[in-house]
file data-v4.pdb (PDB, C-alpha atoms, pLDDT in the B column)
ATOM      1  CA  MET A 451     139.371 219.996  65.777  1.00 84.00           C
ATOM      2  CA  ILE A 452     141.534 223.054  66.262  1.00 90.00           C
ATOM      3  CA  GLU A 453     145.260 222.992  65.514  1.00 93.00           C
ATOM      4  CA  LEU A 454     147.861 225.696  66.138  1.00 94.00           C
ATOM      5  CA  ASN A 455     151.613 225.888  65.644  1.00 95.00           C
ATOM      6  CA  TYR A 456     153.833 227.580  68.197  1.00 95.00           C
ATOM      7  CA  LEU A 457     157.548 228.290  67.750  1.00 94.00           C
ATOM      8  CA  PHE A 458     159.405 228.596  71.056  1.00 93.00           C
ATOM      9  CA  GLU A 459     162.518 230.643  70.511  1.00 88.00           C
ATOM     10  CA  HIS A 460     165.321 229.854  72.962  1.00 79.00           C
ATOM     11  CA  GLU A 461     167.958 232.489  73.589  1.00 76.00           C
ATOM     12  CA  PHE A 462     170.948 230.126  73.587  1.00 76.00           C
ATOM     13  CA  LEU A 463     169.455 226.827  72.385  1.00 76.00           C
ATOM     14  CA  GLU A 464     167.788 225.594  69.207  1.00 84.00           C
ATOM     15  CA  ASN A 465     164.221 226.805  68.606  1.00 89.00           C
ATOM     16  CA  VAL A 466     161.467 224.230  69.142  1.00 90.00           C
ATOM     17  CA  SER A 467     158.258 223.934  67.113  1.00 93.00           C
ATOM     18  CA  TYR A 468     155.154 222.718  68.946  1.00 95.00           C
ATOM     19  CA  GLN A 469     151.817 221.626  67.579  1.00 96.00           C
ATOM     20  CA  LEU A 470     148.771 222.315  69.734  1.00 96.00           C
ATOM     21  CA  MET A 471     145.616 220.279  69.156  1.00 95.00           C
ATOM     22  CA  ARG A 472     142.170 220.420  70.701  1.00 93.00           C
ATOM     23  CA  SER A 473     139.139 218.372  69.685  1.00 88.00           C
ATOM     24  CA  SER A 474     136.521 220.638  71.332  1.00 85.00           C
ATOM     25  CA  MET A 475     136.399 223.881  73.299  1.00 84.00           C
ATOM     26  CA  GLU A 476     135.861 221.955  76.536  1.00 86.00           C
ATOM     27  CA  ASP A 477     139.026 219.878  76.109  1.00 91.00           C
ATOM     28  CA  PRO A 478     142.549 220.846  77.167  1.00 95.00           C
ATOM     29  CA  TRP A 479     145.302 221.207  74.533  1.00 96.00           C
ATOM     30  CA  LEU A 480     147.458 218.272  73.442  1.00 96.00           C
ATOM     31  CA  VAL A 481     151.076 219.381  72.870  1.00 97.00           C
ATOM     32  CA  LEU A 482     153.269 217.631  70.310  1.00 95.00           C
ATOM     33  CA  SER A 483     156.743 218.229  68.973  1.00 92.00           C
ATOM     34  CA  GLY A 484     157.162 216.403  65.686  1.00 88.00           C
ATOM     35  CA  CYS A 485     155.568 212.996  66.257  1.00 89.00           C
ATOM     36  CA  LYS A 486     156.211 212.987  70.006  1.00 92.00           C
ATOM     37  CA  VAL A 487     153.392 213.756  72.452  1.00 92.00           C
ATOM     38  CA  LEU A 488     154.856 215.952  75.200  1.00 94.00           C
ATOM     39  CA  GLY A 489     151.821 216.508  77.361  1.00 95.00           C
ATOM     40  CA  ILE A 490     148.595 218.381  77.883  1.00 96.00           C
ATOM     41  CA  ILE A 491     148.173 222.033  78.852  1.00 96.00           C
ATOM     42  CA  ASP A 492     145.114 223.868  80.121  1.00 95.00           C
ATOM     43  CA  GLU A 493     144.174 227.197  81.628  1.00 94.00           C
ATOM     44  CA  VAL A 494     143.458 226.710  85.319  1.00 92.00           C
ATOM     45  CA  GLU A 495     142.235 229.726  87.286  1.00 92.00           C
ATOM     46  CA  GLY A 496     143.572 232.116  84.644  1.00 90.00           C
ATOM     47  CA  LYS A 497     147.058 230.563  84.444  1.00 95.00           C
ATOM     48  CA  TRP A 498     148.310 228.193  81.754  1.00 96.00           C
ATOM     49  CA  SER A 499     149.974 225.070  83.093  1.00 95.00           C
ATOM     50  CA  GLN A 500     150.921 221.569  82.063  1.00 95.00           C
ATOM     51  CA  ILE A 501     148.476 219.097  83.577  1.00 94.00           C
ATOM     52  CA  ILE A 502     150.045 215.947  82.070  1.00 92.00           C
ATOM     53  CA  GLY A 503     153.666 215.366  81.062  1.00 90.00           C
ATOM     54  CA  GLY A 504     156.764 217.235  82.125  1.00 80.00           C
ATOM     55  CA  ASP A 505     159.091 218.096  79.214  1.00 81.00           C
ATOM     56  CA  ILE A 506     157.737 221.535  78.290  1.00 91.00           C
ATOM     57  CA  PRO A 507     159.546 224.633  79.628  1.00 92.00           C
ATOM     58  CA  PRO A 508     157.285 226.949  81.679  1.00 92.00           C
ATOM     59  CA  LYS A 509     158.087 229.901  79.362  1.00 93.00           C
ATOM     60  CA  ALA A 510     156.932 227.825  76.376  1.00 94.00           C
ATOM     61  CA  ILE A 511     153.663 226.964  78.158  1.00 95.00           C
ATOM     62  CA  GLU A 512     153.124 230.644  78.910  1.00 95.00           C
ATOM     63  CA  GLY A 513     153.777 231.532  75.253  1.00 95.00           C
ATOM     64  CA  MET A 514     151.397 228.809  74.054  1.00 96.00           C
ATOM     65  CA  GLY A 515     148.715 230.176  76.367  1.00 96.00           C
ATOM     66  CA  ASP A 516     149.246 233.697  75.030  1.00 96.00           C
ATOM     67  CA  LEU A 517     148.938 232.390  71.465  1.00 96.00           C
ATOM     68  CA  ILE A 518     145.718 230.521  72.295  1.00 95.00           C
ATOM     69  CA  ASN A 519     144.200 233.525  74.074  1.00 94.00           C
ATOM     70  CA  MET A 520     144.902 235.752  71.037  1.00 93.00           C
ATOM     71  CA  GLN A 521     142.960 233.476  68.701  1.00 92.00           C
ATOM     72  CA  GLN A 522     139.555 234.659  67.547  1.00 90.00           C
ATOM     73  CA  PHE A 523     137.822 231.457  68.723  1.00 91.00           C
ATOM     74  CA  SER A 524     138.965 232.262  72.287  1.00 91.00           C
ATOM     75  CA  TRP A 525     137.282 235.675  72.517  1.00 92.00           C
ATOM     76  CA  LEU A 526     134.654 235.966  69.750  1.00 93.00           C
ATOM     77  CA  PRO A 527     131.926 233.795  71.391  1.00 95.00           C
ATOM     78  CA  ASN A 528     131.860 235.978  74.524  1.00 95.00           C
ATOM     79  CA  LEU A 529     131.891 239.131  72.422  1.00 95.00           C
ATOM     80  CA  ILE A 530     128.897 237.899  70.401  1.00 95.00           C
ATOM     81  CA  LYS A 531     126.960 237.076  73.577  1.00 96.00           C
ATOM     82  CA  LYS A 532     127.817 240.484  75.021  1.00 96.00           C
ATOM     83  CA  GLN A 533     126.852 242.347  71.821  1.00 95.00           C
ATOM     84  CA  TRP A 534     123.459 240.618  71.432  1.00 95.00           C
ATOM     85  CA  PRO A 535     122.419 239.496  74.955  1.00 95.00           C
ATOM     86  CA  LYS A 536     118.671 239.555  74.181  1.00 94.00           C
ATOM     87  CA  TYR A 537     119.139 237.273  71.170  1.00 95.00           C
ATOM     88  CA  VAL A 538     122.050 234.909  71.889  1.00 95.00           C
ATOM     89  CA  PHE A 539     121.742 232.062  74.369  1.00 95.00           C
ATOM     90  CA  ASP A 540     125.071 230.378  73.528  1.00 94.00           C
ATOM     91  CA  VAL A 541     127.876 230.278  70.962  1.00 95.00           C
ATOM     92  CA  VAL A 542     129.576 226.968  70.179  1.00 93.00           C
ATOM     93  CA  VAL A 543     132.920 226.877  68.385  1.00 92.00           C
ATOM     94  CA  GLU A 544     132.912 224.022  65.883  1.00 90.00           C
ATOM     95  CA  ASN A 545     136.393 224.878  64.570  1.00 87.00           C
ATOM     96  CA  GLU A 546     138.472 227.973  63.791  1.00 87.00           C
ATOM     97  CA  ASP A 547     136.131 229.228  61.101  1.00 89.00           C
ATOM     98  CA  ARG A 548     132.737 227.703  62.005  1.00 92.00           C
ATOM     99  CA  TYR A 549     130.503 228.730  64.881  1.00 93.00           C
ATOM    100  CA  GLU A 550     127.011 227.711  65.954  1.00 94.00           C
ATOM    101  CA  ILE A 551     124.862 230.395  67.565  1.00 94.00           C
ATOM    102  CA  ILE A 552     121.858 229.286  69.588  1.00 94.00           C
ATOM    103  CA  CYS A 553     119.252 232.013  69.894  1.00 93.00           C
ATOM    104  CA  CYS A 554     117.218 232.634  73.043  1.00 92.00           C
ATOM    105  CA  LYS A 555     113.735 231.153  73.162  1.00 88.00           C
ATOM    106  CA  GLU A 556     111.997 234.532  72.887  1.00 88.00           C
ATOM    107  CA  ALA A 557     114.336 236.000  70.231  1.00 87.00           C
ATOM    108  CA  CYS A 558     112.991 236.952  66.798  1.00 85.00           C
ATOM    109  CA  PRO A 559     115.187 235.009  64.333  1.00 81.00           C
ATOM    110  CA  LYS A 560     114.614 237.363  61.386  1.00 85.00           C
ATOM    111  CA  ARG A 561     115.427 240.480  63.394  1.00 90.00           C
ATOM    112  CA  PHE A 562     118.552 238.837  64.813  1.00 91.00           C
ATOM    113  CA  GLN A 563     119.659 237.757  61.336  1.00 90.00           C
ATOM    114  CA  GLN A 564     119.411 241.350  60.089  1.00 90.00           C
ATOM    115  CA  ARG A 565     121.334 242.785  63.046  1.00 92.00           C
ATOM    116  CA  PHE A 566     123.882 239.995  63.232  1.00 93.00           C
ATOM    117  CA  THR A 567     124.673 239.965  59.511  1.00 90.00           C
ATOM    118  CA  LEU A 568     125.546 243.671  59.622  1.00 87.00           C
ATOM    119  CA  GLY A 569     127.278 243.641  63.007  1.00 89.00           C
ATOM    120  CA  ILE A 570     129.515 240.567  62.760  1.00 89.00           C
ATOM    121  CA  HIS A 571     131.731 242.245  60.169  1.00 83.00           C
ATOM    122  CA  ALA A 572     132.714 244.860  62.752  1.00 82.00           C
ATOM    123  CA  LEU A 573     133.377 242.328  65.540  1.00 84.00           C
ATOM    124  CA  ALA A 574     135.242 239.523  63.782  1.00 82.00           C
ATOM    125  CA  GLN A 575     138.717 239.696  62.280  1.00 75.00           C
ATOM    126  CA  ARG A 576     138.646 241.290  58.872  1.00 71.00           C
ATOM    127  CA  GLU A 577     140.977 238.916  57.048  1.00 77.00           C
ATOM    128  CA  SER A 578     139.219 235.645  57.800  1.00 79.00           C
ATOM    129  CA  ALA A 579     136.085 234.065  56.339  1.00 86.00           C
ATOM    130  CA  LEU A 580     133.687 232.690  58.945  1.00 91.00           C
ATOM    131  CA  VAL A 581     130.482 230.666  58.845  1.00 93.00           C
ATOM    132  CA  PHE A 582     127.861 231.090  61.565  1.00 94.00           C
ATOM    133  CA  LYS A 583     125.077 228.525  61.817  1.00 94.00           C
ATOM    134  CA  ILE A 584     122.166 230.241  63.571  1.00 93.00           C
ATOM    135  CA  ARG A 585     119.776 227.925  65.371  1.00 90.00           C
ATOM    136  CA  CYS A 586     116.584 228.873  67.173  1.00 86.00           C
ATOM    137  CA  PHE A 587     116.248 227.606  70.755  1.00 77.00           C
ATOM    138  CA  GLN A 588     114.916 224.011  70.821  1.00 72.00           C
ATOM    139  CA  LYS A 589     114.011 224.055  67.110  1.00 72.00           C
ATOM    140  CA  SER A 590     115.521 222.081  64.292  1.00 75.00           C
ATOM    141  CA  ASP A 591     115.471 224.842  61.666  1.00 77.00           C
ATOM    142  CA  CYS A 592     118.577 226.924  61.140  1.00 84.00           C
ATOM    143  CA  TYR A 593     120.255 229.239  58.657  1.00 86.00           C
ATOM    144  CA  GLU A 594     123.827 230.294  57.946  1.00 90.00           C
ATOM    145  CA  VAL A 595     125.473 233.689  57.883  1.00 89.00           C
ATOM    146  CA  VAL A 596     128.788 233.835  56.047  1.00 89.00           C
ATOM    147  CA  LYS A 597     131.233 236.610  56.859  1.00 87.00           C
ATOM    148  CA  ALA A 598     133.511 236.949  53.868  1.00 84.00           C
ATOM    149  CA  PRO A 599     137.031 238.305  54.385  1.00 81.00           C
ATOM    150  CA  ALA A 600     137.290 242.061  53.907  1.00 71.00           C
ATOM    151  CA  ILE A 601     139.718 243.428  51.360  1.00 66.00           C
ATOM    152  CA  ASP A 602     141.410 246.733  52.091  1.00 54.00           C
ATOM    153  CA  ARG A 603     141.853 249.031  49.142  1.00 42.00           C
ATOM    154  CA  TYR A 604     144.661 250.925  50.874  1.00 47.00           C
ATOM    155  CA  VAL A 605     147.073 248.092  51.642  1.00 45.00           C
TER     156      VAL A 605
END

call {"tool": "encode", "arguments": {"input": "data-v4.pdb", "output": "structure tokens"}}
result
Amino acid sequence: MIELNYLFEHEFLENVSYQLMRSSMEDPWLVLSGCKVLGIIDEVEGKWSQIIGGDIPPKAIEGMGDLINMQQFSWLPNLIKKQWPKYVFDVVVENEDRYEIICCKEACPKRFQQRFTLGIHALAQRESALVFKIRCFQKSDCYEVVKAPAIDRYV
């Protein structure tokens, strides 16, 4: 499950805090405010909209969509597939800090592990720790690559 918090700042009214929840990457986002379920939002043809409910201001929905699109889990899977197209068949987001990578049938797992372990540090956000479960196509064996958070000496 993925959970995000979004603060919608009104110009003349009180600010509203929203909680966004999603059980899998295929599901739309459930929107709550406090304990109250306000609706469901989803990106349809590149535009964020409310598909169920009706109490969320359009500007808030747009802001929620921007927040979601900025998150690493929204863009990192495609970047991994683009970086290693001969090795990666698919990337599944398990949650914000766990990913499953399914290698192509003809990919060499050891060679991919060497390249991926070095390269993921440049692609992923520096301040977050991530775990990648690497699975060979249609095989039960797997291994994990952990990307530890980087620490800047010059902060």

call {"tool": "resolve_selection", "arguments": {"input": "data-v4.pdb", "expression": "the PyMOL selection byres ((chain A and resi 483) around 12)", "output": "MDAnalysis selection string"}}
result
chainID A and resid 454:458 465:471 480:482 484:489 505:506

call {"tool": "closest_residue", "arguments": {"input": "data-v4.pdb", "among": "A:Val541, A:Leu526, A:Cys554, A:Ile502", "to": "A:Lys589", "atoms": "only C-alpha atoms"}}
result
A:Cys554

call {"tool": "resolve_selection", "arguments": {"input": "data-v4.pdb", "expression": "the PyMOL selection byres ((chain A and resi 497) around 12)", "output": "list in words"}}
result
Ile491, Asp492, Glu493, Val494, Glu495, Gly496, Trp498, Ser499, Gln500, Ile501, Pro508, Ile511, Glu512, Gly513, Met514, Gly515, Asp516 and Asn519 of chain A

call {"tool": "write_last_selection", "arguments": {"input": "data-v4.pdb", "atoms": "C-alpha atoms", "output": "short mmCIF file (atom, residue, chain, number, x, y, z; two decimals), in the coordinates of the input"}}
result
data_model
loop_
_atom_site.label_atom_id
_atom_site.label_comp_id
_atom_site.auth_asym_id
_atom_site.auth_seq_id
_atom_site.Cartn_x
_atom_site.Cartn_y
_atom_site.Cartn_z
CA ILE A 491 148.17 222.03 78.85
CA ASP A 492 145.11 223.87 80.12
CA GLU A 493 144.17 227.20 81.63
CA VAL A 494 143.46 226.71 85.32
CA GLU A 495 142.24 229.73 87.29
CA GLY A 496 143.57 232.12 84.64
CA TRP A 498 148.31 228.19 81.75
CA SER A 499 149.97 225.07 83.09
CA GLN A 500 150.92 221.57 82.06
CA ILE A 501 148.48 219.10 83.58
CA PRO A 508 157.28 226.95 81.68
CA ILE A 511 153.66 226.96 78.16
CA GLU A 512 153.12 230.64 78.91
CA GLY A 513 153.78 231.53 75.25
CA MET A 514 151.40 228.81 74.05
CA GLY A 515 148.72 230.18 76.37
CA ASP A 516 149.25 233.70 75.03
CA ASN A 519 144.20 233.52 74.07
#

call {"tool": "residues_around", "arguments": {"input": "data-v4.pdb", "residues": "A:Ser578", "least_positions_apart": "5", "cutoff": "9 Å", "atoms": "only C-alpha atoms", "output": "compact mmCIF listing (two decimals) with C-alpha atoms, keeping the file's coordinate frame"}}
result
# COMPACT_ATOMS: atom_id res chain seq x y z
CA ASP A 547 136.13 229.23 61.10
CA LYS A 597 131.23 236.61 56.86
CA ALA A 598 133.51 236.95 53.87
CA PRO A 599 137.03 238.30 54.38
CA ALA A 600 137.29 242.06 53.91

call {"tool": "axis_aligned_box", "arguments": {"input": "data-v4.pdb", "around": "stretch 501-510 of chain A", "padding_each_side": "4 Å", "output": "JSON"}}
result
{"center_x": 154.0, "center_y": 222.6, "center_z": 80.0, "size_x": 19.1, "size_y": 22.5, "size_z": 15.2}

call {"tool": "residues_near_point", "arguments": {"input": "data-v4.pdb", "point": "(122.8, 235.4, 71.2)", "cutoff": "9 Å", "atoms": "all atoms listed in the file", "output": "ChimeraX atom specification"}}
result
/A:530-541,551-554,557,562

call {"tool": "closest_residue", "arguments": {"input": "data-v4.pdb", "among": "A:Leu573, A:Pro507, A:Phe587, A:Lys560", "to": "A:Asn528", "atoms": "only C-alpha atoms"}}
result
A:Leu573

call {"tool": "closest_residue", "arguments": {"input": "data-v4.pdb", "among": "A:Phe462, A:Trp525, A:Tyr549, A:Phe582", "to": "A:Ser474", "atoms": "all atoms listed in the file"}}
result
A:Tyr549

call {"tool": "atom_distance", "arguments": {"input": "data-v4.pdb", "atom1": "atom CA of A:Gln564", "atom2": "atom CA of A:Leu580"}}
result
16.7 Å

call {"tool": "resolve_selection", "arguments": {"input": "data-v4.pdb", "expression": "the PyMOL selection byres ((chain A and resi 476) around 12)", "output": "ChimeraX atom specification"}}
result
/A:451-452,472-475,477-479,492-493,524,542-544

call {"tool": "atom_distance", "arguments": {"input": "data-v4.pdb", "atom1": "atom CA of A:Gly569", "atom2": "atom CA of A:Ile518"}}
result
24.5 Å

call {"tool": "closest_residue", "arguments": {"input": "data-v4.pdb", "among": "A:Leu568, A:Ala574, A:Cys586, A:Leu529", "to": "A:Glu546", "atoms": "all atoms listed in the file"}}
result
A:Ala574

call {"tool": "atom_distance", "arguments": {"input": "data-v4.pdb", "atom1": "atom CA of A:Ile570", "atom2": "atom CA of A:Lys583"}}
result
12.9 Å

call {"tool": "closest_residue", "arguments": {"input": "data-v4.pdb", "among": "A:Glu577, A:Arg585, A:Phe523, A:Thr567", "to": "A:Asn545", "atoms": "all atoms listed in the file"}}
result
A:Phe523

call {"tool": "closest_residue", "arguments": {"input": "data-v4.pdb", "among": "A:Ala572, A:Val581, A:Leu517, A:Cys592", "to": "A:Pro559", "atoms": "only C-alpha atoms"}}
result
A:Cys592

call {"tool": "decode", "arguments": {"input": "data-v4.pdb", "residues": "stretch 509-547 of chain A", "atoms": "N, CA and C atoms", "output": "tab-separated table (two decimals), in the first residue's frame"}}
result
chain	number	residue	atom	x	y	z
A	509	LYS	N	-8.69	22.30	-8.22
A	509	LYS	CA	-7.29	22.71	-7.99
A	509	LYS	C	-6.60	21.74	-7.04
A	510	ALA	N	-7.33	21.23	-6.05
A	510	ALA	CA	-6.76	20.25	-5.13
A	510	ALA	C	-6.45	18.95	-5.86
A	511	ILE	N	-7.33	18.51	-6.74
A	511	ILE	CA	-7.11	17.29	-7.52
A	511	ILE	C	-5.88	17.45	-8.40
A	512	GLU	N	-5.74	18.61	-9.01
A	512	GLU	CA	-4.58	18.89	-9.85
A	512	GLU	C	-3.29	18.86	-9.01
A	513	GLY	N	-3.33	19.45	-7.83
A	513	GLY	CA	-2.17	19.43	-6.93
A	513	GLY	C	-1.82	18.03	-6.46
A	514	MET	N	-2.85	17.23	-6.16
A	514	MET	CA	-2.62	15.84	-5.76
A	514	MET	C	-1.95	15.07	-6.89
A	515	GLY	N	-2.43	15.27	-8.10
A	515	GLY	CA	-1.84	14.62	-9.27
A	515	GLY	C	-0.38	15.01	-9.46
A	516	ASP	N	-0.08	16.30	-9.29
A	516	ASP	CA	1.31	16.76	-9.39
A	516	ASP	C	2.18	16.09	-8.34
A	517	LEU	N	1.67	15.99	-7.11
A	517	LEU	CA	2.40	15.34	-6.03
A	517	LEU	C	2.67	13.87	-6.37
A	518	ILE	N	1.66	13.18	-6.85
A	518	ILE	CA	1.80	11.76	-7.21
A	518	ILE	C	2.83	11.59	-8.33
A	519	ASN	N	2.74	12.44	-9.35
A	519	ASN	CA	3.65	12.32	-10.49
A	519	ASN	C	5.10	12.61	-10.12
A	520	MET	N	5.33	13.38	-9.07
A	520	MET	CA	6.69	13.69	-8.62
A	520	MET	C	7.33	12.54	-7.85
A	521	GLN	N	6.52	11.63	-7.35
A	521	GLN	CA	7.03	10.55	-6.51
A	521	GLN	C	7.86	9.57	-7.33
A	522	GLN	N	8.92	9.09	-6.71
A	522	GLN	CA	9.85	8.18	-7.36
A	522	GLN	C	9.16	6.94	-7.93
A	523	PHE	N	8.17	6.39	-7.23
A	523	PHE	CA	7.50	5.18	-7.70
A	523	PHE	C	6.71	5.44	-8.98
A	524	SER	N	6.43	6.70	-9.31
A	524	SER	CA	5.70	7.03	-10.53
A	524	SER	C	6.61	7.03	-11.77
A	525	TRP	N	7.88	7.35	-11.60
A	525	TRP	CA	8.76	7.47	-12.77
A	525	TRP	C	9.93	6.48	-12.80
A	526	LEU	N	10.34	5.94	-11.65
A	526	LEU	CA	11.51	5.06	-11.62
A	526	LEU	C	11.33	3.76	-12.41
A	527	PRO	N	10.18	3.08	-12.36
A	527	PRO	CA	10.05	1.84	-13.15
A	527	PRO	C	10.30	2.04	-14.65
A	528	ASN	N	9.75	3.10	-15.23
A	528	ASN	CA	9.98	3.36	-16.66
A	528	ASN	C	11.43	3.71	-16.94
A	529	LEU	N	12.05	4.42	-16.02
A	529	LEU	CA	13.46	4.78	-16.19
A	529	LEU	C	14.35	3.54	-16.15
A	530	ILE	N	14.05	2.61	-15.26
A	530	ILE	CA	14.81	1.36	-15.18
A	530	ILE	C	14.65	0.57	-16.48
A	531	LYS	N	13.43	0.45	-16.98
A	531	LYS	CA	13.20	-0.28	-18.23
A	531	LYS	C	13.92	0.38	-19.40
A	532	LYS	N	13.95	1.69	-19.40
A	532	LYS	CA	14.62	2.43	-20.47
A	532	LYS	C	16.14	2.30	-20.38
A	533	GLN	N	16.68	2.28	-19.17
A	533	GLN	CA	18.12	2.19	-18.96
A	533	GLN	C	18.67	0.81	-19.32
A	534	TRP	N	17.90	-0.24	-19.03
A	534	TRP	CA	18.36	-1.61	-19.26
A	534	TRP	C	17.34	-2.39	-20.10
A	535	PRO	N	17.06	-1.96	-21.32
A	535	PRO	CA	16.00	-2.62	-22.12
A	535	PRO	C	16.30	-4.07	-22.49
A	536	LYS	N	17.57	-4.45	-22.59
A	536	LYS	CA	17.91	-5.83	-22.95
A	536	LYS	C	17.80	-6.77	-21.77
A	537	TYR	N	17.72	-6.22	-20.57
A	537	TYR	CA	17.68	-7.04	-19.36
A	537	TYR	C	16.31	-7.05	-18.67
A	538	VAL	N	15.61	-5.92	-18.67
A	538	VAL	CA	14.41	-5.77	-17.86
A	538	VAL	C	13.15	-5.98	-18.68
A	539	PHE	N	12.36	-6.95	-18.25
A	539	PHE	CA	11.06	-7.21	-18.87
A	539	PHE	C	9.99	-6.33	-18.23
A	540	ASP	N	9.99	-6.23	-16.88
A	540	ASP	CA	8.98	-5.43	-16.19
A	540	ASP	C	9.50	-5.03	-14.81
A	541	VAL	N	8.94	-3.94	-14.29
A	541	VAL	CA	9.23	-3.47	-12.94
A	541	VAL	C	7.91	-3.30	-12.22
A	542	VAL	N	7.78	-3.97	-11.07
A	542	VAL	CA	6.55	-3.91	-10.28
A	542	VAL	C	6.84	-3.16	-8.99
A	543	VAL	N	6.03	-2.15	-8.70
A	543	VAL	CA	6.17	-1.40	-7.46
A	543	VAL	C	5.39	-2.12	-6.38
A	544	GLU	N	6.09	-2.59	-5.36
A	544	GLU	CA	5.42	-3.25	-4.24
A	544	GLU	C	4.96	-2.22	-3.22
A	545	ASN	N	5.79	-1.23	-2.95
A	545	ASN	CA	5.44	-0.06	-2.15
A	545	ASN	C	6.47	1.02	-2.43
A	546	GLU	N	6.47	2.10	-1.65
A	546	GLU	CA	7.36	3.22	-1.96
A	546	GLU	C	8.83	2.88	-1.97
A	547	ASP	N	9.24	1.88	-1.22
A	547	ASP	CA	10.67	1.58	-1.15
A	547	ASP	C	11.02	0.13	-1.53
